[in-house]
Protein chains: 2
Amino acid sequence: MSTRIFPTAKDAQNAFYEALERADLEGMMAVWAEDEEIVCVHPGGQRLAGQAQVRDIWRQMFAGGPNMRVHVAQQVVSAGMMVEVHSVHEIITVTGENRPRPPVVATNVFLRTAAGWRMIAHHASPAPGTPAPEATPAPTPKILH
Amino acid sequence: MSTRIFPTAKDAQNAFYEALERADLEGMMAVWAEDEEIVCVHPGGQRLAGQAQVRDIWRQMFAGGPNMRVHVAQQVVSAGMMVEVHSVHEIITVTGENRPRPPVVATNVFLRTAAGWRMIAHHASPAPGTPAPEATPAPTPKILH
């Protein structure tokens with residue numbers, strides 16, 4: 001499917017978020033392992049497993065073209081010889097909105113394969129507010145119209 | 001902290017859910033790698049990283065004693081020599097309730113260490129309803145009092 005080689009897990013993760021911002025389906029699938037046990041969970045979404053389901057959800061998400069910027073923050077990395085787990089907060093700003101959405105916490109698992117580092121799991125879910133200590137009151141929902 | 005050895009990732013995962021059902025803090029922490037980069041996300045919760053934060057959340061959760069049964073379903077396993085990712089649905093029944101809660105999707109990452117297989121990441125979040133096709137309408141929230 002792809003001959004792109006990622007020398008490090010960080011390279012693979014950078015390519016993942018670049019493909020997400022560009023709504024680049026082939027760029028996205030080049031990050032994933034060619035494996036039927038890959039798993040992907042989007043915030044509030046079903047657990048998707050295998051190449052066909054994972055490709056299909058990205059195809060749907062990217063159908064409208066690029067529509068977001070993603071800032072990766074608060075990263076914690078567990079790094080081994082063959083596997084790395086990157087736990088990140090994704091701060092997403094949708095095109096046309098002047099504030100980022102509430103953060104998403106994501107667990108990204110990368111494996112060192114014969115074809116370089118590839119993603120084998122992405123699990124993302126809404127993160128609650130800001131970490132303690134709470135310096136500011138919780139924001140009230142704002143409806144713009 | 002613990003000398004318990006898990007010969008397989010499956011053994012470690014079984015011990016994880018047994019400790020969860022028994023509200024057994026030492027049994028739970030024996031499953032985790034002794035590593036400052038372990039990460040744990042409970043449904044709707046903050047991302048917790050490192051031994052101290054992970055131990056503390058389980059201590060809080062287990063403070064009231066055992067209060068649930070957990071059935072693990074729809075497992076997808078990505079297995080390598082050094083790492084396994086187990087994607088599961090957790091069907092939790094809280095003591096005193098006659099129906100399980102809506103399913104939780106969990107990504108459990110295990111590493112083969114010098115001390116056997118250990119968990120390095122647990123990310124759990126609410127799974128939406130049942131997989132398509134939707135045969136039944138979404139359940140309405142029920143308040144028992």
# chains A, B, ... in the order shown; residues from 1 in each chain; ligands from 1
$ residues_around --residues "region 88-93 of chain A" --least-positions-apart "3" --cutoff "7 Å" --atoms "only C-alpha atoms" --output "list in words"
Met68, Arg69, Val70, His71, Val72, Ala73, Gln74, Gln75, Val76, Glu97, Arg99, Pro100, Arg101, Pro103, Val104, Val105, Ala106 and Thr107 of chain A
$ write_last_selection --atoms "all heavy atoms" --output "tab-separated table (two decimals), in the first residue's frame"
chain	number	residue	atom	x	y	z
A	68	MET	N	-9.33	21.05	10.01
A	68	MET	CA	-8.89	21.25	11.39
A	68	MET	C	-7.38	21.43	11.50
A	68	MET	O	-6.62	21.02	10.61
A	68	MET	CB	-9.31	20.05	12.27
A	68	MET	CG	-8.62	18.76	11.90
A	68	MET	SD	-9.00	17.40	13.06
A	68	MET	CE	-10.66	16.96	12.55
A	69	ARG	N	-6.99	22.08	12.59
A	69	ARG	CA	-5.59	22.12	13.01
A	69	ARG	C	-5.51	21.36	14.32
A	69	ARG	O	-6.42	21.42	15.15
A	69	ARG	CB	-5.12	23.57	13.24
A	69	ARG	CG	-5.21	24.47	12.04
A	69	ARG	CD	-4.16	24.15	10.99
A	69	ARG	NE	-2.82	24.33	11.50
A	69	ARG	CZ	-1.71	24.00	10.81
A	69	ARG	NH1	-1.82	23.45	9.60
A	69	ARG	NH2	-0.52	24.19	11.32
A	70	VAL	N	-4.41	20.61	14.49
A	70	VAL	CA	-4.25	19.80	15.70
A	70	VAL	C	-2.96	20.18	16.40
A	70	VAL	O	-1.88	20.15	15.77
A	70	VAL	CB	-4.22	18.28	15.38
A	70	VAL	CG1	-4.20	17.47	16.67
A	70	VAL	CG2	-5.40	17.88	14.51
A	71	HIS	N	-3.05	20.58	17.65
A	71	HIS	CA	-1.87	20.84	18.47
A	71	HIS	C	-1.75	19.70	19.48
A	71	HIS	O	-2.72	19.37	20.18
A	71	HIS	CB	-2.03	22.19	19.17
A	71	HIS	CG	-0.94	22.47	20.16
A	71	HIS	ND1	0.38	22.63	19.78
A	71	HIS	CD2	-0.97	22.60	21.51
A	71	HIS	CE1	1.11	22.86	20.85
A	71	HIS	NE2	0.33	22.85	21.91
A	72	VAL	N	-0.58	19.08	19.52
A	72	VAL	CA	-0.35	17.94	20.42
A	72	VAL	C	0.36	18.44	21.67
A	72	VAL	O	1.39	19.10	21.59
A	72	VAL	CB	0.47	16.85	19.70
A	72	VAL	CG1	0.90	15.76	20.68
A	72	VAL	CG2	-0.35	16.25	18.56
A	73	ALA	N	-0.20	18.14	22.83
A	73	ALA	CA	0.32	18.67	24.10
A	73	ALA	C	0.38	17.59	25.16
A	73	ALA	O	-0.17	16.50	24.99
A	73	ALA	CB	-0.57	19.81	24.58
A	74	GLN	N	1.08	17.91	26.24
A	74	GLN	CA	1.14	17.05	27.43
A	74	GLN	C	1.48	15.60	27.09
A	74	GLN	O	0.84	14.66	27.59
A	74	GLN	CB	-0.19	17.11	28.21
A	74	GLN	CG	-0.49	18.50	28.74
A	74	GLN	CD	-1.71	18.51	29.63
A	74	GLN	OE1	-1.87	17.67	30.49
A	74	GLN	NE2	-2.59	19.48	29.42
A	75	GLN	N	2.51	15.46	26.27
A	75	GLN	CA	2.86	14.12	25.82
A	75	GLN	C	3.61	13.33	26.89
A	75	GLN	O	4.50	13.86	27.54
A	75	GLN	CB	3.71	14.23	24.55
A	75	GLN	CG	4.05	12.90	23.94
A	75	GLN	CD	4.37	12.99	22.45
A	75	GLN	OE1	3.86	12.23	21.66
A	75	GLN	NE2	5.21	13.92	22.08
A	76	VAL	N	3.23	12.07	27.07
A	76	VAL	CA	3.98	11.13	27.90
A	76	VAL	C	4.33	9.96	26.99
A	76	VAL	O	3.45	9.39	26.35
A	76	VAL	CB	3.15	10.62	29.10
A	76	VAL	CG1	3.89	9.54	29.86
A	76	VAL	CG2	2.80	11.77	30.03
A	97	GLU	N	-13.75	28.22	13.40
A	97	GLU	CA	-14.02	28.45	14.83
A	97	GLU	C	-12.82	29.19	15.41
A	97	GLU	O	-11.67	28.92	15.04
A	97	GLU	CB	-14.25	27.12	15.56
A	97	GLU	CG	-15.47	26.38	15.03
A	97	GLU	CD	-15.76	25.05	15.75
A	97	GLU	OE1	-14.94	24.63	16.59
A	97	GLU	OE2	-16.78	24.43	15.43
A	99	ARG	N	-11.89	29.30	18.63
A	99	ARG	CA	-11.31	28.69	19.83
A	99	ARG	C	-11.16	27.20	19.60
A	99	ARG	O	-11.97	26.60	18.90
A	99	ARG	CB	-12.24	28.87	21.03
A	99	ARG	CG	-12.29	30.27	21.58
A	99	ARG	CD	-13.39	30.36	22.64
A	99	ARG	NE	-13.51	31.72	23.11
A	99	ARG	CZ	-12.74	32.25	24.06
A	99	ARG	NH1	-11.80	31.52	24.64
A	99	ARG	NH2	-12.90	33.51	24.43
A	100	PRO	N	-10.14	26.60	20.26
A	100	PRO	CA	-10.04	25.14	20.14
A	100	PRO	C	-11.20	24.44	20.83
A	100	PRO	O	-11.80	24.98	21.76
A	100	PRO	CB	-8.73	24.81	20.87
A	100	PRO	CG	-8.12	26.08	21.28
A	100	PRO	CD	-9.10	27.19	21.09
A	101	ARG	N	-11.51	23.26	20.36
A	101	ARG	CA	-12.48	22.39	21.03
A	101	ARG	C	-11.88	21.91	22.37
A	101	ARG	O	-10.66	21.96	22.56
A	101	ARG	CB	-12.77	21.16	20.16
A	101	ARG	CG	-13.39	21.49	18.80
A	101	ARG	CD	-14.84	21.87	18.94
A	101	ARG	NE	-15.44	22.21	17.65
A	101	ARG	CZ	-16.15	21.33	16.90
A	101	ARG	NH1	-16.31	20.08	17.29
A	101	ARG	NH2	-16.69	21.73	15.76
A	103	PRO	N	-10.14	19.50	24.98
A	103	PRO	CA	-9.09	18.55	24.60
A	103	PRO	C	-9.58	17.11	24.51
A	103	PRO	O	-10.52	16.71	25.19
A	103	PRO	CB	-8.05	18.70	25.70
A	103	PRO	CG	-8.74	19.38	26.82
A	103	PRO	CD	-9.87	20.18	26.25
A	104	VAL	N	-8.89	16.37	23.68
A	104	VAL	CA	-9.10	14.93	23.51
A	104	VAL	C	-7.84	14.24	24.02
A	104	VAL	O	-6.73	14.68	23.72
A	104	VAL	CB	-9.33	14.61	22.02
A	104	VAL	CG1	-9.22	13.12	21.75
A	104	VAL	CG2	-10.69	15.15	21.56
A	105	VAL	N	-8.01	13.19	24.82
A	105	VAL	CA	-6.84	12.41	25.24
A	105	VAL	C	-6.72	11.20	24.31
A	105	VAL	O	-7.72	10.53	24.02
A	105	VAL	CB	-6.92	11.99	26.73
A	105	VAL	CG1	-8.16	11.19	27.05
A	105	VAL	CG2	-5.67	11.24	27.15
A	106	ALA	N	-5.50	10.99	23.80
A	106	ALA	CA	-5.29	9.91	22.85
A	106	ALA	C	-4.12	9.03	23.29
A	106	ALA	O	-3.10	9.53	23.76
A	106	ALA	CB	-5.02	10.45	21.46
A	107	THR	N	-4.32	7.73	23.12
A	107	THR	CA	-3.25	6.76	23.32
A	107	THR	C	-2.87	6.23	21.95
A	107	THR	O	-3.71	5.63	21.26
A	107	THR	CB	-3.73	5.61	24.23
A	107	THR	OG1	-4.15	6.14	25.50
A	107	THR	CG2	-2.62	4.58	24.45
$ interface_residues --of "chain B" --to "chain A" --cutoff "10 Å" --atoms "only C-alpha atoms" --output "VMD selection string"
chain B and resid 35 to 50 74 76 to 89 104 to 107 109 111 120 to 132
$ residues_around --residues "Arg59 (chain B)" --least-positions-apart "3" --cutoff "9 Å" --atoms "only C-alpha atoms" --output "compact mmCIF listing (two decimals) with all heavy atoms, in the first residue's frame"
# COMPACT_ATOMS: atom_id res chain seq x y z
N ALA B 23 -11.57 -5.36 43.99
CA ALA B 23 -11.12 -4.08 44.58
C ALA B 23 -9.81 -4.29 45.33
O ALA B 23 -9.62 -3.80 46.44
CB ALA B 23 -12.20 -3.46 45.46
N ASP B 24 -8.91 -5.00 44.68
CA ASP B 24 -7.65 -5.43 45.30
C ASP B 24 -6.52 -4.54 44.79
O ASP B 24 -5.99 -4.74 43.69
CB ASP B 24 -7.42 -6.91 44.92
CG ASP B 24 -6.06 -7.43 45.33
OD1 ASP B 24 -5.26 -6.69 45.94
OD2 ASP B 24 -5.78 -8.61 45.01
N LEU B 25 -6.14 -3.55 45.60
CA LEU B 25 -5.16 -2.56 45.15
C LEU B 25 -3.78 -3.18 44.88
O LEU B 25 -3.16 -2.89 43.85
CB LEU B 25 -5.03 -1.43 46.18
CG LEU B 25 -4.08 -0.28 45.80
CD1 LEU B 25 -4.48 0.38 44.50
CD2 LEU B 25 -4.03 0.75 46.93
N VAL B 54 -1.42 6.57 39.07
CA VAL B 54 -2.20 5.37 38.73
C VAL B 54 -2.62 4.64 40.00
O VAL B 54 -3.79 4.25 40.16
CB VAL B 54 -1.39 4.45 37.78
CG1 VAL B 54 -2.10 3.11 37.59
CG2 VAL B 54 -1.18 5.13 36.43
N ARG B 55 -1.70 4.49 40.93
CA ARG B 55 -2.04 3.84 42.20
C ARG B 55 -3.14 4.61 42.93
O ARG B 55 -4.08 4.03 43.48
CB ARG B 55 -0.79 3.75 43.08
CG ARG B 55 -1.00 2.99 44.37
CD ARG B 55 0.25 2.95 45.24
NE ARG B 55 0.02 2.12 46.38
CZ ARG B 55 0.21 0.81 46.42
NH1 ARG B 55 0.67 0.18 45.37
NH2 ARG B 55 -0.06 0.12 47.50
N ASP B 56 -3.03 5.94 42.90
CA ASP B 56 -3.97 6.76 43.65
C ASP B 56 -5.40 6.62 43.11
O ASP B 56 -6.36 6.56 43.89
CB ASP B 56 -3.52 8.23 43.63
CG ASP B 56 -4.26 9.04 44.67
OD1 ASP B 56 -4.23 8.65 45.86
OD2 ASP B 56 -4.88 10.05 44.31
N PHE B 62 -11.26 1.79 44.70
CA PHE B 62 -11.44 0.57 45.48
C PHE B 62 -11.82 0.86 46.94
O PHE B 62 -12.02 -0.07 47.73
CB PHE B 62 -10.16 -0.27 45.45
CG PHE B 62 -9.81 -0.84 44.10
CD1 PHE B 62 -8.53 -1.35 43.86
CD2 PHE B 62 -10.73 -0.88 43.06
CE1 PHE B 62 -8.19 -1.90 42.62
CE2 PHE B 62 -10.40 -1.42 41.82
CZ PHE B 62 -9.12 -1.92 41.60
N ALA B 63 -11.91 2.14 47.29
CA ALA B 63 -12.10 2.51 48.70
C ALA B 63 -13.38 1.91 49.28
O ALA B 63 -13.44 1.57 50.47
CB ALA B 63 -12.10 4.03 48.85
$ atom_distance --atom1 "CA of Glu18 (chain B)" --atom2 "CA of Asn108 (chain B)"
14.7 Å
